[in-house]
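Below is the file run00.cif, which contains mmCIF, C-alpha atoms.
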```cif
data_start
#
loop_
_atom_site.group_PDB
_atom_site.id
_atom_site.type_symbol
_atom_site.label_atom_id
_atom_site.label_comp_id
_atom_site.auth_asym_id
_atom_site.auth_seq_id
_atom_site.Cartn_x
_atom_site.Cartn_y
_atom_site.Cartn_z
ATOM 1 C CA ASN A 5 -6.832 75.616 22.127
ATOM 2 C CA LYS A 6 -3.330 74.299 21.756
ATOM 3 C CA MET A 7 -2.274 70.725 22.387
ATOM 4 C CA VAL A 8 0.827 69.788 24.319
ATOM 5 C CA THR A 9 2.620 66.688 23.136
ATOM 6 C CA GLY A 10 5.357 64.916 25.005
ATOM 7 C CA ALA A 11 6.649 66.614 28.130
ATOM 8 C CA LYS A 12 4.429 68.854 30.192
ATOM 9 C CA ALA A 13 4.439 72.510 29.223
ATOM 10 C CA ASP A 14 5.525 75.229 31.614
ATOM 11 C CA PRO A 15 2.395 76.526 33.366
ATOM 12 C CA LYS A 16 1.278 80.128 32.899
ATOM 13 C CA PRO A 17 1.865 82.499 35.789
ATOM 14 C CA LEU A 18 -1.258 82.879 37.918
ATOM 15 C CA LYS A 19 -2.496 85.828 39.965
ATOM 16 C CA ALA A 20 -3.620 85.385 43.552
ATOM 17 C CA ALA A 21 -7.386 84.902 43.762
ATOM 18 C CA ALA A 22 -7.899 83.473 47.218
ATOM 19 C CA ASP A 23 -11.425 84.838 47.536
ATOM 20 C CA ALA A 24 -12.621 83.541 44.153
ATOM 21 C CA ASP A 25 -16.011 81.877 44.406
ATOM 22 C CA HIS A 26 -15.890 79.366 41.567
ATOM 23 C CA LYS A 27 -16.192 75.639 40.916
ATOM 24 C CA THR A 28 -13.509 73.301 42.229
ATOM 25 C CA LEU A 29 -11.376 70.821 40.297
ATOM 26 C CA SER A 30 -13.740 67.943 40.904
ATOM 27 C CA GLU A 31 -16.623 69.843 39.334
ATOM 28 C CA ILE A 32 -14.885 70.518 36.057
ATOM 29 C CA ASP A 33 -15.678 68.345 33.089
ATOM 30 C CA GLU A 34 -12.772 66.371 31.648
ATOM 31 C CA ALA A 35 -13.102 68.270 28.379
ATOM 32 C CA GLY A 36 -12.548 71.602 30.108
ATOM 33 C CA GLY A 37 -15.215 73.971 31.169
ATOM 34 C CA GLY A 38 -15.956 77.192 32.862
ATOM 35 C CA SER A 39 -16.059 80.734 31.742
ATOM 36 C CA GLY A 40 -13.169 80.806 29.285
ATOM 37 C CA GLY A 41 -11.432 84.142 28.931
ATOM 38 C CA SER A 42 -7.737 84.861 29.114
ATOM 39 C CA ASP A 43 -7.021 83.347 32.523
ATOM 40 C CA ILE A 44 -6.922 79.730 31.369
ATOM 41 C CA LEU A 45 -4.777 77.200 33.165
ATOM 42 C CA ASP A 46 -2.537 74.970 31.053
ATOM 43 C CA ASN A 47 -1.048 72.452 33.469
ATOM 44 C CA GLY A 48 -0.681 73.620 36.996
ATOM 45 C CA LEU A 49 -0.448 76.142 39.747
ATOM 46 C CA PRO A 50 3.147 77.358 39.719
ATOM 47 C CA ALA A 51 2.841 79.166 43.051
ATOM 48 C CA GLU A 52 4.552 77.407 45.918
ATOM 49 C CA ILE A 53 2.311 76.201 48.750
ATOM 50 C CA LYS A 54 3.685 77.254 52.132
ATOM 51 C CA GLY A 55 2.691 76.704 55.731
ATOM 52 C CA VAL A 56 1.547 73.068 55.465
ATOM 53 C CA THR A 57 3.279 69.712 55.417
ATOM 54 C CA HIS A 58 3.511 67.599 52.291
ATOM 55 C CA ASP A 59 1.870 64.722 54.132
ATOM 56 C CA SER A 60 -1.113 66.791 55.246
ATOM 57 C CA MET A 61 -1.576 68.131 51.701
ATOM 58 C CA TRP A 62 -1.575 64.580 50.346
ATOM 59 C CA ARG A 63 -4.019 63.420 53.047
ATOM 60 C CA SER A 64 -6.262 66.392 52.245
ATOM 61 C CA MET A 65 -6.273 65.496 48.543
ATOM 62 C CA LYS A 66 -7.050 61.852 49.352
ATOM 63 C CA LYS A 67 -9.897 62.925 51.641
ATOM 64 C CA SER A 68 -11.540 64.621 48.655
ATOM 65 C CA ILE A 69 -12.042 61.225 47.015
ATOM 66 C CA CYS A 70 -14.602 59.896 49.513
ATOM 67 C CA GLU A 71 -15.628 63.173 51.154
ATOM 68 C CA PRO A 72 -15.870 65.685 48.288
ATOM 69 C CA GLU A 73 -18.445 67.778 50.158
ATOM 70 C CA TYR A 74 -15.564 69.216 52.214
ATOM 71 C CA PHE A 75 -14.054 70.630 49.017
ATOM 72 C CA PHE A 76 -16.966 71.654 46.783
ATOM 73 C CA PRO A 77 -20.776 71.774 46.853
ATOM 74 C CA CYS A 78 -22.214 68.383 45.907
ATOM 75 C CA THR A 79 -25.023 66.028 46.893
ATOM 76 C CA GLY A 80 -25.883 62.367 46.597
ATOM 77 C CA VAL A 81 -22.304 61.220 47.144
ATOM 78 C CA SER A 82 -21.831 57.467 47.131
ATOM 79 C CA THR A 83 -18.550 55.595 46.962
ATOM 80 C CA GLN A 84 -17.645 51.953 46.481
ATOM 81 C CA GLU A 85 -14.213 50.446 47.098
ATOM 82 C CA LYS A 86 -13.214 48.419 44.048
ATOM 83 C CA GLN A 87 -10.082 46.435 43.176
ATOM 84 C CA GLY A 88 -7.450 49.213 42.895
ATOM 85 C CA TYR A 89 -9.779 52.222 42.731
ATOM 86 C CA VAL A 90 -12.823 53.954 44.220
ATOM 87 C CA GLN A 91 -15.988 54.374 42.169
ATOM 88 C CA ARG A 92 -17.825 57.569 43.069
ATOM 89 C CA THR A 93 -21.187 58.939 42.015
ATOM 90 C CA LEU A 94 -22.295 62.453 42.899
ATOM 91 C CA THR A 95 -24.268 65.434 41.711
ATOM 92 C CA ALA A 96 -22.482 68.780 41.311
ATOM 93 C CA SER A 97 -23.592 71.870 39.415
ATOM 94 C CA GLY A 98 -26.751 70.064 38.350
ATOM 95 C CA GLU A 99 -24.898 67.127 36.763
ATOM 96 C CA THR A 100 -24.895 63.590 38.141
ATOM 97 C CA TYR A 101 -21.947 61.474 37.087
ATOM 98 C CA THR A 102 -19.939 58.406 38.031
ATOM 99 C CA GLU A 103 -16.180 58.194 37.894
ATOM 100 C CA ASN A 104 -13.429 55.779 38.817
ATOM 101 C CA ILE A 105 -10.754 57.389 40.981
ATOM 102 C CA TYR A 106 -7.233 55.998 41.178
ATOM 103 C CA GLU A 107 -4.723 56.969 43.861
ATOM 104 C CA ASP A 108 -1.074 56.809 42.807
ATOM 105 C CA GLU A 109 0.718 57.157 46.153
ATOM 106 C CA ALA A 110 4.237 56.858 44.671
ATOM 107 C CA ASN A 111 3.690 59.834 42.339
ATOM 108 C CA CYS A 112 1.231 61.691 44.613
ATOM 109 C CA GLU A 113 -1.372 61.749 41.845
ATOM 110 C CA ILE A 114 -5.130 61.295 41.960
ATOM 111 C CA VAL A 115 -6.595 60.266 38.611
ATOM 112 C CA TYR A 116 -10.295 60.745 37.810
ATOM 113 C CA ARG A 117 -11.865 58.815 34.909
ATOM 114 C CA LYS A 118 -15.490 59.564 34.136
ATOM 115 C CA LEU A 119 -17.697 56.739 32.977
ATOM 116 C CA ASN A 120 -19.801 56.796 29.817
ATOM 117 C CA ASN A 121 -22.250 53.885 29.620
ATOM 118 C CA GLY A 122 -20.183 52.050 32.242
ATOM 119 C CA ALA A 123 -16.867 52.413 30.400
ATOM 120 C CA GLU A 124 -14.029 54.797 31.265
ATOM 121 C CA ILE A 125 -13.546 57.592 28.747
ATOM 122 C CA VAL A 126 -10.108 58.074 27.166
ATOM 123 C CA TYR A 127 -9.244 61.365 28.899
ATOM 124 C CA GLU A 128 -8.430 61.360 32.588
ATOM 125 C CA ARG A 129 -8.202 64.331 34.920
ATOM 126 C CA VAL A 130 -5.028 64.325 36.987
ATOM 127 C CA VAL A 131 -4.465 66.267 40.203
ATOM 128 C CA ALA A 132 -0.919 65.864 41.483
ATOM 129 C CA LEU A 133 1.050 67.093 44.458
ATOM 130 C CA ARG A 134 4.598 68.065 43.484
ATOM 131 C CA THR A 135 7.606 68.807 45.683
ATOM 132 C CA HIS A 136 10.511 71.269 45.610
ATOM 133 C CA PRO A 137 8.608 73.529 45.660
ATOM 134 C CA LEU A 138 5.395 72.106 47.088
ATOM 135 C CA LYS A 139 2.620 72.801 44.562
ATOM 136 C CA ILE A 140 -0.468 71.307 42.945
ATOM 137 C CA GLU A 141 -0.533 70.435 39.266
ATOM 138 C CA SER A 142 -3.663 69.564 37.345
ATOM 139 C CA HIS A 143 -4.000 68.455 33.779
ATOM 140 C CA LEU A 144 -5.953 66.374 31.313
ATOM 141 C CA ARG A 145 -4.180 63.308 29.955
ATOM 142 C CA ASN A 146 -4.935 60.692 27.312
ATOM 143 C CA ARG A 147 -4.853 57.487 29.369
ATOM 144 C CA ASP A 148 -3.926 55.353 26.359
ATOM 145 C CA ASN A 149 -0.748 57.183 25.330
ATOM 146 C CA GLY A 150 0.037 59.462 28.307
ATOM 147 C CA ILE A 151 0.002 62.640 26.222
ATOM 148 C CA THR A 152 -0.955 65.675 28.285
ATOM 149 C CA VAL A 153 -3.400 68.040 26.607
ATOM 150 C CA GLN A 154 -4.550 71.521 27.534
ATOM 151 C CA TRP A 155 -7.309 71.290 30.094
ATOM 152 C CA GLY A 156 -8.578 74.818 29.496
ATOM 153 C CA MET A 157 -9.500 75.231 33.158
ATOM 154 C CA PRO A 158 -10.032 78.836 34.258
ATOM 155 C CA GLU A 159 -7.371 79.761 36.799
ATOM 156 C CA ALA A 160 -9.853 80.923 39.445
ATOM 157 C CA GLU A 161 -11.348 77.431 39.551
ATOM 158 C CA SER A 162 -7.953 75.827 40.094
ATOM 159 C CA LEU A 163 -7.076 78.364 42.770
ATOM 160 C CA SER A 164 -10.352 77.707 44.561
ATOM 161 C CA ALA A 165 -9.723 73.949 44.591
ATOM 162 C CA ALA A 166 -6.111 74.368 45.675
ATOM 163 C CA ASP A 167 -7.252 76.678 48.467
ATOM 164 C CA ALA A 168 -9.720 74.033 49.712
ATOM 165 C CA PHE A 169 -6.908 71.432 49.800
ATOM 166 C CA VAL A 170 -4.602 73.858 51.654
ATOM 167 C CA GLN A 171 -7.254 74.854 54.210
ATOM 168 C CA GLU A 172 -7.970 71.202 55.020
ATOM 169 C CA ALA A 173 -4.221 70.459 55.207
ATOM 170 C CA LYS A 174 -3.760 73.365 57.639
ATOM 171 C CA ARG A 175 -6.553 71.972 59.800
ATOM 172 C CA MET A 176 -4.898 68.545 59.733
ATOM 173 C CA ASP A 177 -1.526 70.051 60.691
ATOM 174 C CA ARG A 178 -3.114 72.026 63.570
ATOM 175 C CA ASP A 179 -4.825 68.889 64.853
ATOM 176 C CA SER A 180 -1.617 66.831 64.641
ATOM 177 C CA GLY A 181 0.695 69.462 66.142
ATOM 178 C CA ILE A 182 3.350 68.649 63.517
ATOM 179 C CA PRO A 183 5.144 71.714 62.073
ATOM 180 C CA PRO A 184 5.352 72.108 58.272
ATOM 181 C CA ASP A 185 8.195 70.094 56.738
ATOM 182 C CA PRO A 186 10.660 72.261 54.807
ATOM 183 C CA VAL A 187 12.186 69.479 52.677
ATOM 184 C CA ARG A 188 10.926 66.122 51.437
ATOM 185 C CA ASP A 189 12.678 63.500 49.313
ATOM 186 C CA ALA A 190 16.001 65.343 49.273
ATOM 187 C CA SER A 191 19.068 63.464 48.117
#
```
This structure in structure tokens:
Amino acid sequence: NKMVTGAKADPKPLKAAADADHKTLSEIDEAGGGSGGSDILDNGLPAEIKGVTHDSMWRSMKKSICEPEYFFPCTGVSTQEKQGYVQRTLTASGETYTENIYEDEANCEIVYRKLNNGAEIVYERVVALRTHPLKIESHLRNRDNGITVQWGMPEAESLSAADAFVQEAKRMDRDSGIPPDPVRDAS
């Protein structure tokens, strides 16, 4: 596995795998996981997301914090609002874990920090919504120095998670009656 230092690396091109039946982002261990192979994701999903608004995508991603069962199979979900973050415990893929989840509205990032003996580990999982074009980026980052490292996430798992976010965003857009926004934050 290579390590990326400094700026984020260009993501590898990904094939469409809309019907992939794999784990979602929230199920993947911060050290990487999954089946390995050649279809490993470095930093994001370069494919543009179309047919949904930016706001509904962001709301969908935020919904996954307290209602992860809409996005991946899990049980025993409990959440507690803390000062500046949500602490969540759940069981997924046979593993029970607790993590602190931070929402960075300004950068459209959700940061997940697993706990080990009550303390946050050094690596955080980041799922971010980017604009122009609208896309989801996910990576592993050292929280102490901000260096992004290769997550090693199989692409099918990222595509499955992104698809869950998009499907929920489409539902939100249908319910609101607001058409998809073509441009956001243009100057």
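With only C-alpha atoms as the atoms that count, the residue of A:Arg129, A:Lys118, A:Arg175, A:His58 with the shortest distance to His143 in chain A is A:Arg129.
CA of Lys67 in chain A is found 12.0 Å from CA of Val90 in chain A.
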Once the PyMOL selection byres ((chain A and resi 60) around 8) has been evaluated on this model, what residues remain selected, and can you format them as a PDB file with C-alpha atoms, keeping the file's coordinate frame?
```pdb
ATOM      1  CA  VAL A  56       1.547  73.068  55.465  1.00  0.00           C
ATOM      2  CA  THR A  57       3.279  69.712  55.417  1.00  0.00           C
ATOM      3  CA  HIS A  58       3.511  67.599  52.291  1.00  0.00           C
ATOM      4  CA  ASP A  59       1.870  64.722  54.132  1.00  0.00           C
ATOM      5  CA  MET A  61      -1.576  68.131  51.701  1.00  0.00           C
ATOM      6  CA  TRP A  62      -1.575  64.580  50.346  1.00  0.00           C
ATOM      7  CA  ARG A  63      -4.019  63.420  53.047  1.00  0.00           C
ATOM      8  CA  SER A  64      -6.262  66.392  52.245  1.00  0.00           C
ATOM      9  CA  ALA A 173      -4.221  70.459  55.207  1.00  0.00           C
ATOM     10  CA  LYS A 174      -3.760  73.365  57.639  1.00  0.00           C
ATOM     11  CA  MET A 176      -4.898  68.545  59.733  1.00  0.00           C
ATOM     12  CA  ASP A 177      -1.526  70.051  60.691  1.00  0.00           C
TER      13      ASP A 177
END
```
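Taking CA of Ile151 in chain A and CA of Tyr127 in chain A as the two end points, the separation is 9.7 Å.
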Legend entry - Computed interatomic separation between CA of Gln91 in chain A and CA of Ala110 in chain A (Å): 20.5 Å
Legend entry - Distance criterion (all atoms listed in the file): nearest to Gln154 in chain A out of A:Thr79, A:Lys139, A:Val130, A:Asn111: A:Val130
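The residue that comes closest to Lys54 in chain A, out of A:Asp108, A:Glu99, A:Asp167, A:Glu73 and on the basis of all atoms listed in the file, is A:Asp167.
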Write out as a CSV table (one decimal) with C-alpha atoms, in the coordinates of the input each polymer residue whose atoms come within 6 Å of Leu138 in chain A, counting only C-alpha atoms; drop sequence neighbours fewer than 4 positions from it.
```csv
chain,number,residue,atom,x,y,z
A,52,GLU,CA,4.6,77.4,45.9
A,53,ILE,CA,2.3,76.2,48.8
A,134,ARG,CA,4.6,68.1,43.5
```
Legend entry - Shortest interatomic distance to Glu159 in chain A - which of A:Tyr74, A:Tyr106, A:Val126, A:Glu141, counting only C-alpha atoms: A:Glu141
Inset, instruction - For the file shown, report as JSON, numbers by chain the outcome of the PyMOL selection byres ((chain A and resi 105) around 9) at residue level. - result: {"A": [69, 89, 90, 91, 92, 103, 104, 106, 107, 114, 115, 116, 117, 118]}
What are the centre and the three edge lengths of an axis-aligned box that wraps all atoms of range 111-121 of chain A in the file, given that 6 Å is added to every side, written as JSON and rounded to one decimal in Å?
```
{"center_x": -9.3, "center_y": 57.8, "center_z": 37.1, "size_x": 37.9, "size_y": 19.9, "size_z": 27.0}
```
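The shortest atom-to-atom distance to Phe76 in chain A, with all atoms listed in the file taken into account, belongs to A:Ala96 out of A:Leu119, A:Ala132, A:Ile140, A:Ala96.
Closest to Pro77 in chain A among A:Met65, A:Ala165, A:Glu172, A:Asn149 is A:Ala165, based on only C-alpha atoms.
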